[in-house]
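Here the structure comes first, spelled out in structure tokens, and everything after it is commentary.
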Amino acid sequence: MKATVNPVDQHKVSITIEIPAQDVKKGFEEAVKRIAKQVNIPGFRKGKAPRKILEMNYGKEAIAEEAFEVLAGRAYTEALRENAIIPVSEPEIEREQFEEGKDLIFKATVVKQPEVTLGDYKGLEVEKQDATITDEQVEEQLNNIRNQQAKMVAAPEGATVQNDDFATIDFKGFVDGEAFDGGEGKSYPLQIGSGSFIPGFEEQLIGHKAGEDVTVTVSFPEDYFAAELAGKEAKFECHIHDIKRKELPEITDEFVRSVSVGQGKTEPAYNTAEEFVADLRKRMEDDAARRAIDTYNAGLVELAVKNATVDIPEIMIEDRADQMVQELAMNLEGRGLKLDDYLKFSNKTIEALREENKVAAAENVRADLVLDEIAKAENVQVTPEDMNYEIFAMSQQFGADPKEVYDIIVKEGRVSMLASSVARKKAARFIIEHAKGAEKAE
């Protein structure tokens with residue numbers, strides 16, 4: 001076999017492959033054996049029908065096509081290996097000469113993985129995030145806890161609707177004097193200021209009392225998901241049944257004792273509010289320290305990626321954007337939702353969603369390429385222990401048995417993809433461990 005590589009443009013190459021006539025003959029012989037094993041011919045055992053019989057039943061073209069697949073597939077793979085070409089697109093095949101008894105000549109045009117020129121990735125330095133927890137942050141978290149434990153109580157008699165109140169309302173909407181689908185609700189609990197209704201709706205309830213009828217006039221946004229309503233003015237006839245407000249508890253010794261008993265415990269985790277607040281601050285400080293390290297480490301890897309030079313083929317970005325859309329669909333399915341419904345309610349098309357993902361897709365592809373190159377430059381090795389750990393981590397994430405995860409990876413032919421992912425993680429760890437502030441970051 002002879003393979004000649006010629007550049008087409010910056011990313012695309014054409015590989016002209018020539019296979020000697022004697023090998024072409026062997027390819028036809030193998031094709032005959034393959035087809036014979038796949039078909040049933042009356043009067044012949046499976047796999048034993050002679051070539052002439054096969055040609056009579058299935059035509060010479062079928063054998064020739066099978067022979068081409070056998071010969072071209074192997075030769076193309078060998079040509080890629082010999083010339084160190086990693087394809088990122090399916091090849092466009094052009095037959096220049098294909099006839100039994102003659103050399104086979106064909107051309108494969110393919111987009112190849114781009115070359116990466118590494119910049120600095122050792123001895124890097126990035127700013128470290130301040131992990132200090134302020135009194136204000138602790139107070140904010142305490143208020144969140146108070147909100148979670150709050151009770152809903154009826155507003156005083158004669159009270160009017162205020163921001164953050166919960167108003168139970170009936171409503172019915174009209175456009176051009178006609179009621180429309182989805183515009184009616186009964187005893188709906190609406191938090192004023194939540195922004196869950198059309199802009200301007202909730203504000204018009206403020207100042208009204210329980211028992212009152214209110215006419216709310218709003219306009220649907222121009223980009224509203226229901227096209228028949230987009231941009232139109234609507235009137236909603238509303239009735240306010242009642243008004244409720246949150247009653248927040250105080251952080252007392254009694255309160256912390258009551259909320260820290262649970263999940264099989266018989267004794268409270270805290271006896272005093274002081275203990276509770278001190279432990280809350282400690283947990284917040286630990287979380288802030290972890291986030292600071294994660295941010296610092298991510299910054300080092302981002303800098304190493306930024307320092308490299310690589311021109312990414314558009315097809316790699318498009319493929320990654322498609323992959324991101326597929327992942328979104330899978331995540332939605334896991335929550336009992338469908339991608340079509342998501343697109344409808346977000347007023348987007350699948351093409352717009354792909355386009356939105358392109359910037360992130362380009363960043364992801366770039367990071368993968370650079371980390372792959374660093375792994376190669378530093379001779380990063382992926383051991384069986386590394387693979388086992390990764391599979392175990394995946395099983396923990398999905399709540400599955402490690403063996404089941406491994407079997408799925410093997411069945412779907414993703415072992416090499418997993419190994420590449422592990423190698424990138426080890427390359428990222430190399431960047432972090434060889435940074436100027438590595439000792440402190442660890």
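Numbering starts fresh at 1 for the residues of each chain in the structure tokens, the chains themselves are lettered A, B, ... in the order given, and ligands are numbered from 1 as they appear.
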Using DSSP secondary structure from the backbone, list all strand (DSSP E) positions within stretch 19-107 of chain A, as a PDB file with C-alpha atoms, in the first residue's frame.
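This is the output file out-v9.pdb:
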ATOM      1  CA  ILE A  19      -3.361  -0.820  -3.235  1.00  0.00           C
ATOM      2  CA  GLU A  92     -15.066  11.909   1.789  1.00  0.00           C
ATOM      3  CA  ILE A  93     -14.141   8.996  -0.459  1.00  0.00           C
ATOM      4  CA  GLU A  94     -13.455   9.419  -4.174  1.00  0.00           C
ATOM      5  CA  ARG A  95     -12.665   6.329  -6.239  1.00  0.00           C
ATOM      6  CA  GLU A  96     -10.118   6.967  -8.964  1.00  0.00           C
ATOM      7  CA  GLN A  97      -9.591   3.364 -10.079  1.00  0.00           C
ATOM      8  CA  LEU A 104      -7.076   0.172  -6.423  1.00  0.00           C
ATOM      9  CA  ILE A 105      -6.606   3.948  -6.242  1.00  0.00           C
ATOM     10  CA  PHE A 106      -8.870   6.110  -4.133  1.00  0.00           C
ATOM     11  CA  LYS A 107      -8.715   9.447  -2.367  1.00  0.00           C
TER      12      LYS A 107
END
inquiry  = Which residues are near A:Gly182? Cut-off 12 Å, only C-alpha atoms, ignore same chain within fewer than 4 positions. Put them as a list in words.
reply    =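 Counting only the stated atoms, we get Phe171, Lys172, Gly173, Phe174, Lys186, Ala226 and Leu229 of chain A.
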Test item: residues at most 10 Å from A:Leu303, only C-alpha atoms, excluding those fewer than 4 positions along its chain, as a compact mmCIF listing (two decimals) with N, CA and C atoms, in the first residue's frame:
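That gives us selection-v9.txt:
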# COMPACT_ATOMS: atom_id res chain seq x y z
N GLY A 119 2.20 26.91 25.15
CA GLY A 119 2.88 28.05 25.77
C GLY A 119 3.34 27.64 27.16
N ASP A 120 3.49 28.57 28.04
CA ASP A 120 3.88 28.25 29.42
C ASP A 120 2.76 27.49 30.11
N TYR A 121 3.11 26.39 30.74
CA TYR A 121 2.13 25.66 31.55
C TYR A 121 2.74 25.17 32.87
N LEU A 124 3.19 28.56 36.67
CA LEU A 124 2.18 29.59 36.48
C LEU A 124 1.73 30.20 37.82
N GLU A 125 1.14 31.37 37.74
CA GLU A 125 0.66 32.03 38.93
C GLU A 125 -0.61 32.80 38.61
N VAL A 126 -1.63 32.60 39.42
CA VAL A 126 -2.88 33.36 39.27
C VAL A 126 -3.29 33.87 40.65
N ASN A 297 -7.21 26.62 41.22
CA ASN A 297 -6.77 25.53 40.35
C ASN A 297 -7.34 25.68 38.94
N ALA A 298 -8.64 26.03 38.87
CA ALA A 298 -9.26 26.22 37.55
C ALA A 298 -8.59 27.37 36.80
N GLY A 299 -8.20 28.41 37.53
CA GLY A 299 -7.52 29.55 36.91
C GLY A 299 -6.18 29.17 36.32
N ASN A 307 -2.46 30.20 27.14
CA ASN A 307 -1.09 30.41 26.67
C ASN A 307 -0.76 29.60 25.41
N ALA A 308 -1.55 28.58 25.13
CA ALA A 308 -1.29 27.74 23.95
C ALA A 308 -1.89 28.37 22.70
N ILE A 431 -0.33 20.63 35.85
CA ILE A 431 -0.26 22.11 35.81
C ILE A 431 -0.36 22.68 37.21
request  = Please identify all polymer residues within 9 Å of A:Lys426, counting only C-alpha atoms, omitting same-chain residues fewer than 3 positions from it, and present them as a ChimeraX atom specification.
outcome  = /A:371,375,380-382,421-423,429-431
query = Which of stretch 74-256 of chain A counts as alpha helix (DSSP H) under DSSP, as a PyMOL selection string please?
reply = chain A and resi 74-82+135-148+253-256
Generate the output file for the selected residues, N, CA, C and O atoms, as an mmCIF file, in the first residue's frame.
data_model
loop_
_atom_site.group_PDB
_atom_site.id
_atom_site.type_symbol
_atom_site.label_atom_id
_atom_site.label_comp_id
_atom_site.auth_asym_id
_atom_site.auth_seq_id
_atom_site.Cartn_x
_atom_site.Cartn_y
_atom_site.Cartn_z
ATOM 1 N N ARG A 74 -9.394 -0.851 5.665
ATOM 2 C CA ARG A 74 -8.097 -1.203 6.248
ATOM 3 C C ARG A 74 -6.998 -0.244 5.809
ATOM 4 O O ARG A 74 -6.172 0.200 6.609
ATOM 5 N N ALA A 75 -7.003 0.070 4.513
ATOM 6 C CA ALA A 75 -5.945 0.935 3.978
ATOM 7 C C ALA A 75 -6.042 2.341 4.556
ATOM 8 O O ALA A 75 -5.020 2.966 4.879
ATOM 9 N N TYR A 76 -7.260 2.845 4.700
ATOM 10 C CA TYR A 76 -7.466 4.186 5.255
ATOM 11 C C TYR A 76 -6.954 4.243 6.695
ATOM 12 O O TYR A 76 -6.239 5.176 7.083
ATOM 13 N N THR A 77 -7.302 3.229 7.493
ATOM 14 C CA THR A 77 -6.849 3.174 8.888
ATOM 15 C C THR A 77 -5.331 3.118 8.964
ATOM 16 O O THR A 77 -4.706 3.802 9.788
ATOM 17 N N GLU A 78 -4.723 2.331 8.085
ATOM 18 C CA GLU A 78 -3.260 2.197 8.070
ATOM 19 C C GLU A 78 -2.594 3.500 7.632
ATOM 20 O O GLU A 78 -1.571 3.915 8.186
ATOM 21 N N ALA A 79 -3.205 4.183 6.666
ATOM 22 C CA ALA A 79 -2.653 5.456 6.193
ATOM 23 C C ALA A 79 -2.694 6.508 7.291
ATOM 24 O O ALA A 79 -1.743 7.292 7.448
ATOM 25 N N LEU A 80 -3.773 6.542 8.054
ATOM 26 C CA LEU A 80 -3.859 7.475 9.180
ATOM 27 C C LEU A 80 -2.758 7.195 10.190
ATOM 28 O O LEU A 80 -2.095 8.115 10.690
ATOM 29 N N ARG A 81 -2.562 5.912 10.501
ATOM 30 C CA ARG A 81 -1.550 5.538 11.493
ATOM 31 C C ARG A 81 -0.149 5.892 11.016
ATOM 32 O O ARG A 81 0.645 6.479 11.756
ATOM 33 N N GLU A 82 0.156 5.572 9.762
ATOM 34 C CA GLU A 82 1.496 5.832 9.229
ATOM 35 C C GLU A 82 1.819 7.320 9.180
ATOM 36 O O GLU A 82 2.972 7.715 9.371
ATOM 37 N N ASP A 135 -19.078 39.002 58.875
ATOM 38 C CA ASP A 135 -20.257 38.921 59.740
ATOM 39 C C ASP A 135 -21.535 39.076 58.920
ATOM 40 O O ASP A 135 -22.560 38.439 59.219
ATOM 41 N N GLU A 136 -21.475 39.924 57.894
ATOM 42 C CA GLU A 136 -22.649 40.137 57.044
ATOM 43 C C GLU A 136 -23.046 38.856 56.315
ATOM 44 O O GLU A 136 -24.238 38.573 56.148
ATOM 45 N N GLN A 137 -22.062 38.091 55.853
ATOM 46 C CA GLN A 137 -22.352 36.832 55.167
ATOM 47 C C GLN A 137 -22.979 35.812 56.112
ATOM 48 O O GLN A 137 -23.894 35.077 55.734
ATOM 49 N N VAL A 138 -22.473 35.765 57.346
ATOM 50 C CA VAL A 138 -23.056 34.865 58.340
ATOM 51 C C VAL A 138 -24.499 35.270 58.630
ATOM 52 O O VAL A 138 -25.400 34.428 58.703
ATOM 53 N N GLU A 139 -24.722 36.579 58.771
ATOM 54 C CA GLU A 139 -26.070 37.077 59.044
ATOM 55 C C GLU A 139 -27.013 36.750 57.894
ATOM 56 O O GLU A 139 -28.184 36.381 58.113
ATOM 57 N N GLU A 140 -26.521 36.852 56.662
ATOM 58 C CA GLU A 140 -27.336 36.527 55.493
ATOM 59 C C GLU A 140 -27.733 35.050 55.508
ATOM 60 O O GLU A 140 -28.878 34.696 55.212
ATOM 61 N N GLN A 141 -26.784 34.187 55.869
ATOM 62 C CA GLN A 141 -27.075 32.763 55.926
ATOM 63 C C GLN A 141 -28.071 32.452 57.048
ATOM 64 O O GLN A 141 -28.965 31.611 56.894
ATOM 65 N N LEU A 142 -27.923 33.148 58.174
ATOM 66 C CA LEU A 142 -28.874 32.973 59.273
ATOM 67 C C LEU A 142 -30.284 33.384 58.841
ATOM 68 O O LEU A 142 -31.276 32.726 59.191
ATOM 69 N N ASN A 143 -30.371 34.456 58.065
ATOM 70 C CA ASN A 143 -31.673 34.904 57.568
ATOM 71 C C ASN A 143 -32.269 33.885 56.594
ATOM 72 O O ASN A 143 -33.494 33.691 56.557
ATOM 73 N N ASN A 144 -31.409 33.245 55.800
ATOM 74 C CA ASN A 144 -31.888 32.183 54.908
ATOM 75 C C ASN A 144 -32.483 31.039 55.721
ATOM 76 O O ASN A 144 -33.528 30.479 55.355
ATOM 77 N N ILE A 145 -31.792 30.676 56.818
ATOM 78 C CA ILE A 145 -32.284 29.601 57.681
ATOM 79 C C ILE A 145 -33.613 30.006 58.316
ATOM 80 O O ILE A 145 -34.558 29.212 58.391
ATOM 81 N N ARG A 146 -33.721 31.256 58.739
ATOM 82 C CA ARG A 146 -34.971 31.743 59.328
ATOM 83 C C ARG A 146 -36.108 31.685 58.301
ATOM 84 O O ARG A 146 -37.241 31.316 58.637
ATOM 85 N N ASN A 147 -35.778 32.030 57.038
ATOM 86 C CA ASN A 147 -36.792 31.988 55.980
ATOM 87 C C ASN A 147 -37.258 30.557 55.725
ATOM 88 O O ASN A 147 -38.439 30.318 55.475
ATOM 89 N N GLN A 148 -36.315 29.618 55.787
ATOM 90 C CA GLN A 148 -36.669 28.211 55.557
ATOM 91 C C GLN A 148 -37.585 27.686 56.661
ATOM 92 O O GLN A 148 -38.411 26.805 56.418
ATOM 93 N N ASP A 253 -31.757 29.838 71.729
ATOM 94 C CA ASP A 253 -31.293 28.513 72.149
ATOM 95 C C ASP A 253 -32.368 27.473 71.864
ATOM 96 O O ASP A 253 -32.077 26.374 71.371
ATOM 97 N N GLU A 254 -33.602 27.804 72.166
ATOM 98 C CA GLU A 254 -34.702 26.866 71.951
ATOM 99 C C GLU A 254 -34.867 26.541 70.473
ATOM 100 O O GLU A 254 -35.093 25.384 70.089
ATOM 101 N N PHE A 255 -34.746 27.571 69.627
ATOM 102 C CA PHE A 255 -34.902 27.363 68.183
ATOM 103 C C PHE A 255 -33.833 26.412 67.642
ATOM 104 O O PHE A 255 -34.157 25.463 66.929
ATOM 105 N N VAL A 256 -32.553 26.645 67.991
ATOM 106 C CA VAL A 256 -31.491 25.809 67.425
ATOM 107 C C VAL A 256 -31.578 24.387 67.957
ATOM 108 O O VAL A 256 -31.225 23.429 67.253
#
ask   = In terms of the shortest atom-to-atom distance over only C-alpha atoms, which of A:Lys2, A:Gln204, A:Arg257, A:Arg291 is closest to A:Ala269?
value =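 Smallest separation from A:Ala269 among the options: A:Arg257.
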inquiry  = Which residues are close to A:Val216, i.e. within 8 Å by only C-alpha atoms, leaving aside same-chain residues fewer than 5 positions away? Reply as a list in words.
reply    = Phe201, Gln204, Leu205, Lys235, Phe236, Glu237 and Cys238 of chain A
request  = Would you list the contacts of A:Tyr296 as number ranges by chain, taking every protein, DNA or RNA residue within 8 Å and counting only C-alpha atoms, but skipping same-chain residues closer than 6 positions in sequence?
outcome  = A: 126-129, 441
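Going from atom CA of A:Glu433 to atom CA of A:Lys122 covers 8.7 Å.
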inquiry  = From the options A:Ser196, A:Thr4, A:Gln113, A:Gln22, which residue's atoms come nearest to A:Ile86, counting only C-alpha atoms?
reply    =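 Nearest to A:Ile86: A:Gln113.
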Residue contacts of A:Ser219 (10 Å, only C-alpha atoms) excluding same-chain residues fewer than 2 positions away, as an NGL selection string = :A and (175 or 198-201 or 217 or 221-222 or 229-235)
For atom CA of A:Ala435 and atom CA of A:Leu300, the interatomic separation in Å (one decimal) = 7.5 Å
